[in-house]
Amino acid sequence: MDLSLSDSQILIRDSVRTFVQRHVHRAELVRQANVGEDWDPAWQAMFAEAGWTGALVPASCGGLELDPLSAALIFEELGRGAVPSPLLASSAIAVGLLLGCEETEPRNAALAGIADGTAIVIPALRRPASTWQGVASTATALVDGMLTGTKVFVPFAAAATHFLVTVADGLAIVPASAASVRPLGGFLQATHEVVFSGVPVGPILHPTVPLDDSLSVARLMLGAYQVGGMMEMLDMSVSHSNTRIQFGTPIGRFQRVQDHIIRLLNAMDAAKWAVYEAAWAWEADRNGIGRSYLACATAADSAIEAANAAHEVHAAIGSDPRYGLTLYTRISRSLYELLGAPSWQRRQMADALGW
């Protein structure tokens, strides 16, 4: 198994890194978080021009149709920069769900809109007072072809042009203008409640594969985004340990500080190589679906561990929102159960691998 990057993959990674360096300054992200802004909508045109909105969309629908590892590098670098956007929800999760449905004109039109950046399709999945037991568990029944119900923990719902809603027979594409969106308070990032009240639903998109299977690549993109954040937290922690002086010496010389950095490094490495190996397995047809569950669960748990360790290194300054570490802490919490709790994903992995 060769997990080294090709020249084209290095080019993809470096192009995203350059975008982050030029357009996404940490001070601006701190300002956005302080005033309650979810993201900068001007980035959407840049994402589309670079092809990132269509990274996983088939070429027949105007996308780049990248292999999983190449696409993961886009999300890894965006995660390293803590770039908030609906790209993960629309161009990874929604695309995966759409590709799991039979090919129809509405499905292809949605994919084409995502690819060219004119559509931001946000999956509205979780129901109130429910636990994640797979995508099927999130379905809302239609009454006389009308959708009435509430979805919670919907990421970047305020940016949506359309919602992709799980209903009894499959998926429905609903214009965002037909829903009521309310931001949820607390520490989570760009998380909303979406309410549908008597919304007429057009043609239902019928799955051709289990929808949880169709999210295998999306799980890798989610994991990659978290890996990027862990990489940056590691860099921040090492830099701080080398420059923060206490008792006349850099704190990086203290064994307890070194312990925290090693915890962070181990967490990041576990998640990174789980994601990379799962991407290889998916491309090589070596049960990539089962491995995607492991990668996603490992990344979720590792992100929490890494953020906690980074705060141990930084102590008080790390909790100051102006410093920037809390951007990554918030992401680690916001994405933890986005596609299911790690415990549920590990059970799915065991089933997929026949254990």
# chains A, B, ... in the order shown; residues from 1 in each chain; ligands from 1
>>> select_by_dssp(residues="stretch 47-244 of chain A", states="helix (DSSP H, G or I)", output="ChimeraX atom specification")
/A:47-50,52-54,59-61,68-80,87-99,105-116,135-138,157-159,176-178,211-214,216-243
>>> residues_around(residues="stretch 189-196 of chain A", least_positions_apart="4", cutoff="9 Å", atoms="only C-alpha atoms", output="MDAnalysis selection string")
chainID A and resid 33 36:39 84:85 124 147:158 178:185 330:331 333:335
>>> write_last_selection(atoms="N, CA, C and O atoms", output="short mmCIF file (atom, residue, chain, number, x, y, z; two decimals), in the first residue's frame")
data_model
loop_
_atom_site.label_atom_id
_atom_site.label_comp_id
_atom_site.auth_asym_id
_atom_site.auth_seq_id
_atom_site.Cartn_x
_atom_site.Cartn_y
_atom_site.Cartn_z
N ALA A 33 -16.37 34.77 14.29
CA ALA A 33 -16.91 34.02 15.43
C ALA A 33 -17.42 34.96 16.51
O ALA A 33 -18.45 34.69 17.14
N GLY A 36 -20.78 36.39 15.37
CA GLY A 36 -21.80 35.42 15.02
C GLY A 36 -21.99 35.18 13.53
O GLY A 36 -23.02 34.64 13.11
N GLU A 37 -21.00 35.55 12.71
CA GLU A 37 -21.08 35.26 11.27
C GLU A 37 -20.62 33.82 11.03
O GLU A 37 -19.63 33.38 11.60
N ASP A 38 -21.35 33.11 10.15
CA ASP A 38 -21.02 31.71 9.90
C ASP A 38 -19.82 31.55 8.98
O ASP A 38 -18.99 30.65 9.19
N TRP A 39 -19.74 32.39 7.94
CA TRP A 39 -18.67 32.26 6.96
C TRP A 39 -18.71 33.47 6.05
O TRP A 39 -19.58 34.35 6.20
N PRO A 84 -14.49 28.03 7.81
CA PRO A 84 -15.89 27.65 7.95
C PRO A 84 -16.63 27.86 6.63
O PRO A 84 -16.51 28.92 6.00
N SER A 85 -17.36 26.86 6.19
CA SER A 85 -18.11 26.99 4.94
C SER A 85 -19.06 25.81 4.82
O SER A 85 -18.89 24.80 5.50
N ALA A 124 -30.58 18.02 5.54
CA ALA A 124 -31.31 18.25 6.79
C ALA A 124 -31.75 16.87 7.27
O ALA A 124 -32.72 16.30 6.73
N LEU A 147 -44.54 17.99 3.29
CA LEU A 147 -43.52 17.78 4.30
C LEU A 147 -43.76 18.71 5.48
O LEU A 147 -43.80 19.93 5.33
N THR A 148 -43.95 18.11 6.63
CA THR A 148 -44.09 18.86 7.87
C THR A 148 -43.20 18.20 8.91
O THR A 148 -43.35 17.01 9.19
N GLY A 149 -42.30 18.98 9.48
CA GLY A 149 -41.42 18.41 10.49
C GLY A 149 -40.25 19.33 10.77
O GLY A 149 -40.06 20.36 10.11
N THR A 150 -39.45 18.94 11.75
CA THR A 150 -38.31 19.73 12.18
C THR A 150 -37.05 18.90 12.09
O THR A 150 -37.04 17.72 12.43
N LYS A 151 -35.99 19.54 11.61
CA LYS A 151 -34.66 18.94 11.59
C LYS A 151 -33.72 19.81 12.41
O LYS A 151 -33.82 21.05 12.36
N VAL A 152 -32.85 19.17 13.15
CA VAL A 152 -31.97 19.92 14.04
C VAL A 152 -30.51 19.60 13.73
O VAL A 152 -30.20 18.64 13.02
N PHE A 153 -29.63 20.43 14.28
CA PHE A 153 -28.18 20.30 14.06
C PHE A 153 -27.86 20.27 12.56
O PHE A 153 -27.03 19.47 12.10
N VAL A 154 -28.51 21.15 11.83
CA VAL A 154 -28.28 21.26 10.38
C VAL A 154 -27.15 22.26 10.17
O VAL A 154 -27.28 23.44 10.52
N PRO A 155 -26.03 21.83 9.59
CA PRO A 155 -24.88 22.74 9.46
C PRO A 155 -25.07 23.74 8.32
O PRO A 155 -25.52 23.39 7.23
N PHE A 156 -24.73 24.98 8.59
CA PHE A 156 -24.73 26.05 7.58
C PHE A 156 -26.07 26.14 6.84
O PHE A 156 -26.11 26.39 5.63
N ALA A 157 -27.16 25.94 7.58
CA ALA A 157 -28.49 25.99 6.95
C ALA A 157 -28.79 27.37 6.39
O ALA A 157 -29.51 27.50 5.40
N ALA A 158 -28.26 28.41 7.02
CA ALA A 158 -28.54 29.77 6.56
C ALA A 158 -27.94 30.04 5.19
O ALA A 158 -28.34 30.99 4.51
N ALA A 178 -38.63 27.63 1.29
CA ALA A 178 -39.84 27.00 1.81
C ALA A 178 -39.70 26.59 3.27
O ALA A 178 -40.64 26.03 3.84
N ALA A 179 -38.57 26.86 3.87
CA ALA A 179 -38.31 26.42 5.25
C ALA A 179 -38.04 27.61 6.15
O ALA A 179 -37.68 28.70 5.69
N SER A 180 -38.19 27.39 7.42
CA SER A 180 -37.86 28.39 8.43
C SER A 180 -36.58 27.94 9.12
O SER A 180 -36.48 26.80 9.58
N VAL A 181 -35.60 28.83 9.19
CA VAL A 181 -34.28 28.50 9.72
C VAL A 181 -34.01 29.33 10.96
O VAL A 181 -34.18 30.56 10.95
N ARG A 182 -33.57 28.65 12.02
CA ARG A 182 -33.24 29.34 13.28
C ARG A 182 -31.89 28.84 13.78
O ARG A 182 -31.69 27.64 13.92
N PRO A 183 -30.96 29.77 14.04
CA PRO A 183 -29.66 29.33 14.57
C PRO A 183 -29.81 28.78 15.98
O PRO A 183 -30.59 29.31 16.79
N LEU A 184 -29.07 27.73 16.27
CA LEU A 184 -29.05 27.16 17.61
C LEU A 184 -27.92 27.80 18.41
O LEU A 184 -26.82 27.99 17.89
N GLY A 185 -28.19 28.11 19.63
CA GLY A 185 -27.19 28.76 20.46
C GLY A 185 -26.16 27.77 20.97
O GLY A 185 -26.22 26.57 20.69
N ARG A 330 -13.90 24.40 18.88
CA ARG A 330 -15.33 24.43 18.51
C ARG A 330 -15.61 23.46 17.36
O ARG A 330 -16.62 22.75 17.36
N ILE A 331 -14.72 23.41 16.39
CA ILE A 331 -14.90 22.49 15.27
C ILE A 331 -14.88 21.05 15.76
O ILE A 331 -15.69 20.22 15.32
N ARG A 333 -15.87 19.84 18.49
CA ARG A 333 -17.16 19.52 19.12
C ARG A 333 -18.29 19.53 18.10
O ARG A 333 -19.20 18.69 18.15
N SER A 334 -18.27 20.46 17.16
CA SER A 334 -19.37 20.60 16.19
C SER A 334 -19.47 19.40 15.27
O SER A 334 -20.57 19.01 14.86
N LEU A 335 -18.33 18.82 14.89
CA LEU A 335 -18.33 17.74 13.90
C LEU A 335 -18.35 16.35 14.52
O LEU A 335 -18.38 15.36 13.80
#
>>> closest_residue(among="A:Ala274, A:Ala281, A:Ile93, A:Ala307", to="A:Met236", atoms="only C-alpha atoms")
A:Ala307
>>> residues_around(residues="A:Ile173", least_positions_apart="4", cutoff="9 Å", atoms="only C-alpha atoms", output="VMD selection string")
chain A and resid 106 to 107 110 121 162 to 165 201 to 205
>>> select_by_dssp(residues="stretch 115-148 of chain A", states="strand (DSSP E or B)", output="MDAnalysis selection string")
chainID A and resid 121:124 140 142:143 146:148
>>> atom_distance(atom1="atom CA of A:Thr131", atom2="atom CA of A:Val174")
23.6 Å
>>> closest_residue(among="A:Leu98, A:Ile114, A:Val227, A:Leu29", to="A:Leu73", atoms="only C-alpha atoms")
A:Val227
>>> residues_around(residues="A:Gly288", least_positions_apart="4", cutoff="7 Å", atoms="only C-alpha atoms", output="number ranges by chain")
A: 278-279, 281-282, 292
>>> closest_residue(among="A:Glu305, A:Asp235, A:Gln133, A:Gly198", to="A:Arg347", atoms="only C-alpha atoms")
A:Gln133
>>> decode(residues="stretch 144-159 of chain A", atoms="all heavy atoms", output="PDB file, in the first residue's frame")
ATOM      1  N   ASP A 144     -49.910  13.343   2.397  1.00  0.00           N
ATOM      2  CA  ASP A 144     -50.506  13.854   1.150  1.00  0.00           C
ATOM      3  C   ASP A 144     -49.476  14.628   0.325  1.00  0.00           C
ATOM      4  O   ASP A 144     -49.783  15.674  -0.258  1.00  0.00           O
ATOM      5  CB  ASP A 144     -51.705  14.749   1.455  1.00  0.00           C
ATOM      6  CG  ASP A 144     -52.830  13.995   2.139  1.00  0.00           C
ATOM      7  OD1 ASP A 144     -52.996  12.790   1.842  1.00  0.00           O
ATOM      8  OD2 ASP A 144     -53.525  14.596   2.979  1.00  0.00           O
ATOM      9  N   GLY A 145     -48.250  14.089   0.293  1.00  0.00           N
ATOM     10  CA  GLY A 145     -47.203  14.715  -0.502  1.00  0.00           C
ATOM     11  C   GLY A 145     -46.641  15.993   0.088  1.00  0.00           C
ATOM     12  O   GLY A 145     -45.888  16.704  -0.584  1.00  0.00           O
ATOM     13  N   MET A 146     -46.980  16.282   1.349  1.00  0.00           N
ATOM     14  CA  MET A 146     -46.523  17.507   2.002  1.00  0.00           C
ATOM     15  C   MET A 146     -45.549  17.150   3.127  1.00  0.00           C
ATOM     16  O   MET A 146     -45.714  16.150   3.835  1.00  0.00           O
ATOM     17  CB  MET A 146     -47.705  18.286   2.581  1.00  0.00           C
ATOM     18  CG  MET A 146     -48.829  18.527   1.592  1.00  0.00           C
ATOM     19  SD  MET A 146     -48.417  19.793   0.362  1.00  0.00           S
ATOM     20  CE  MET A 146     -48.820  21.268   1.279  1.00  0.00           C
ATOM     21  N   LEU A 147     -44.544  17.988   3.288  1.00  0.00           N
ATOM     22  CA  LEU A 147     -43.525  17.783   4.298  1.00  0.00           C
ATOM     23  C   LEU A 147     -43.762  18.711   5.481  1.00  0.00           C
ATOM     24  O   LEU A 147     -43.796  19.933   5.333  1.00  0.00           O
ATOM     25  CB  LEU A 147     -42.136  18.050   3.706  1.00  0.00           C
ATOM     26  CG  LEU A 147     -40.948  18.019   4.665  1.00  0.00           C
ATOM     27  CD1 LEU A 147     -40.773  16.633   5.269  1.00  0.00           C
ATOM     28  CD2 LEU A 147     -39.671  18.457   3.950  1.00  0.00           C
ATOM     29  N   THR A 148     -43.951  18.106   6.627  1.00  0.00           N
ATOM     30  CA  THR A 148     -44.088  18.862   7.872  1.00  0.00           C
ATOM     31  C   THR A 148     -43.202  18.204   8.913  1.00  0.00           C
ATOM     32  O   THR A 148     -43.348  17.012   9.190  1.00  0.00           O
ATOM     33  CB  THR A 148     -45.546  18.885   8.370  1.00  0.00           C
ATOM     34  OG1 THR A 148     -46.366  19.559   7.411  1.00  0.00           O
ATOM     35  CG2 THR A 148     -45.641  19.604   9.714  1.00  0.00           C
ATOM     36  N   GLY A 149     -42.303  18.975   9.485  1.00  0.00           N
ATOM     37  CA  GLY A 149     -41.418  18.406  10.486  1.00  0.00           C
ATOM     38  C   GLY A 149     -40.251  19.331  10.768  1.00  0.00           C
ATOM     39  O   GLY A 149     -40.063  20.363  10.109  1.00  0.00           O
ATOM     40  N   THR A 150     -39.453  18.939  11.752  1.00  0.00           N
ATOM     41  CA  THR A 150     -38.313  19.731  12.183  1.00  0.00           C
ATOM     42  C   THR A 150     -37.045  18.902  12.085  1.00  0.00           C
ATOM     43  O   THR A 150     -37.036  17.720  12.430  1.00  0.00           O
ATOM     44  CB  THR A 150     -38.505  20.199  13.640  1.00  0.00           C
ATOM     45  OG1 THR A 150     -39.688  20.999  13.720  1.00  0.00           O
ATOM     46  CG2 THR A 150     -37.317  21.020  14.121  1.00  0.00           C
ATOM     47  N   LYS A 151     -35.990  19.538  11.614  1.00  0.00           N
ATOM     48  CA  LYS A 151     -34.659  18.936  11.585  1.00  0.00           C
ATOM     49  C   LYS A 151     -33.725  19.814  12.405  1.00  0.00           C
ATOM     50  O   LYS A 151     -33.821  21.051  12.365  1.00  0.00           O
ATOM     51  CB  LYS A 151     -34.135  18.813  10.147  1.00  0.00           C
ATOM     52  CG  LYS A 151     -35.024  17.999   9.210  1.00  0.00           C
ATOM     53  CD  LYS A 151     -34.978  16.521   9.510  1.00  0.00           C
ATOM     54  CE  LYS A 151     -35.742  15.718   8.458  1.00  0.00           C
ATOM     55  NZ  LYS A 151     -35.622  14.264   8.654  1.00  0.00           N
ATOM     56  N   VAL A 152     -32.852  19.173  13.155  1.00  0.00           N
ATOM     57  CA  VAL A 152     -31.967  19.924  14.039  1.00  0.00           C
ATOM     58  C   VAL A 152     -30.507  19.601  13.727  1.00  0.00           C
ATOM     59  O   VAL A 152     -30.199  18.645  13.020  1.00  0.00           O
ATOM     60  CB  VAL A 152     -32.274  19.608  15.518  1.00  0.00           C
ATOM     61  CG1 VAL A 152     -33.643  20.148  15.907  1.00  0.00           C
ATOM     62  CG2 VAL A 152     -32.190  18.112  15.793  1.00  0.00           C
ATOM     63  N   PHE A 153     -29.633  20.428  14.277  1.00  0.00           N
ATOM     64  CA  PHE A 153     -28.180  20.305  14.059  1.00  0.00           C
ATOM     65  C   PHE A 153     -27.859  20.272  12.564  1.00  0.00           C
ATOM     66  O   PHE A 153     -27.034  19.470  12.103  1.00  0.00           O
ATOM     67  CB  PHE A 153     -27.625  19.066  14.768  1.00  0.00           C
ATOM     68  CG  PHE A 153     -27.878  19.065  16.253  1.00  0.00           C
ATOM     69  CD1 PHE A 153     -28.647  18.079  16.840  1.00  0.00           C
ATOM     70  CD2 PHE A 153     -27.353  20.069  17.054  1.00  0.00           C
ATOM     71  CE1 PHE A 153     -28.895  18.078  18.202  1.00  0.00           C
ATOM     72  CE2 PHE A 153     -27.593  20.084  18.427  1.00  0.00           C
ATOM     73  CZ  PHE A 153     -28.362  19.085  19.000  1.00  0.00           C
ATOM     74  N   VAL A 154     -28.513  21.150  11.826  1.00  0.00           N
ATOM     75  CA  VAL A 154     -28.283  21.257  10.383  1.00  0.00           C
ATOM     76  C   VAL A 154     -27.150  22.259  10.166  1.00  0.00           C
ATOM     77  O   VAL A 154     -27.278  23.435  10.516  1.00  0.00           O
ATOM     78  CB  VAL A 154     -29.552  21.715   9.651  1.00  0.00           C
ATOM     79  CG1 VAL A 154     -29.297  21.785   8.140  1.00  0.00           C
ATOM     80  CG2 VAL A 154     -30.710  20.775   9.955  1.00  0.00           C
ATOM     81  N   PRO A 155     -26.031  21.835   9.589  1.00  0.00           N
ATOM     82  CA  PRO A 155     -24.885  22.736   9.458  1.00  0.00           C
ATOM     83  C   PRO A 155     -25.065  23.737   8.316  1.00  0.00           C
ATOM     84  O   PRO A 155     -25.524  23.393   7.230  1.00  0.00           O
ATOM     85  CB  PRO A 155     -23.722  21.780   9.166  1.00  0.00           C
ATOM     86  CG  PRO A 155     -24.369  20.615   8.475  1.00  0.00           C
ATOM     87  CD  PRO A 155     -25.726  20.470   9.111  1.00  0.00           C
ATOM     88  N   PHE A 156     -24.730  24.984   8.592  1.00  0.00           N
ATOM     89  CA  PHE A 156     -24.732  26.046   7.580  1.00  0.00           C
ATOM     90  C   PHE A 156     -26.071  26.136   6.841  1.00  0.00           C
ATOM     91  O   PHE A 156     -26.113  26.391   5.634  1.00  0.00           O
ATOM     92  CB  PHE A 156     -23.573  25.853   6.601  1.00  0.00           C
ATOM     93  CG  PHE A 156     -22.233  26.091   7.241  1.00  0.00           C
ATOM     94  CD1 PHE A 156     -21.493  25.034   7.745  1.00  0.00           C
ATOM     95  CD2 PHE A 156     -21.717  27.372   7.365  1.00  0.00           C
ATOM     96  CE1 PHE A 156     -20.264  25.240   8.367  1.00  0.00           C
ATOM     97  CE2 PHE A 156     -20.485  27.593   7.976  1.00  0.00           C
ATOM     98  CZ  PHE A 156     -19.752  26.525   8.479  1.00  0.00           C
ATOM     99  N   ALA A 157     -27.163  25.937   7.579  1.00  0.00           N
ATOM    100  CA  ALA A 157     -28.488  25.989   6.953  1.00  0.00           C
ATOM    101  C   ALA A 157     -28.795  27.367   6.393  1.00  0.00           C
ATOM    102  O   ALA A 157     -29.515  27.496   5.400  1.00  0.00           O
ATOM    103  CB  ALA A 157     -29.559  25.575   7.965  1.00  0.00           C
ATOM    104  N   ALA A 158     -28.259  28.411   7.025  1.00  0.00           N
ATOM    105  CA  ALA A 158     -28.541  29.769   6.561  1.00  0.00           C
ATOM    106  C   ALA A 158     -27.936  30.039   5.193  1.00  0.00           C
ATOM    107  O   ALA A 158     -28.343  30.986   4.505  1.00  0.00           O
ATOM    108  CB  ALA A 158     -28.016  30.781   7.579  1.00  0.00           C
ATOM    109  N   ALA A 159     -26.943  29.232   4.773  1.00  0.00           N
ATOM    110  CA  ALA A 159     -26.302  29.421   3.469  1.00  0.00           C
ATOM    111  C   ALA A 159     -26.987  28.637   2.355  1.00  0.00           C
ATOM    112  O   ALA A 159     -26.644  28.788   1.181  1.00  0.00           O
ATOM    113  CB  ALA A 159     -24.839  28.991   3.551  1.00  0.00           C
TER     114      ALA A 159
END
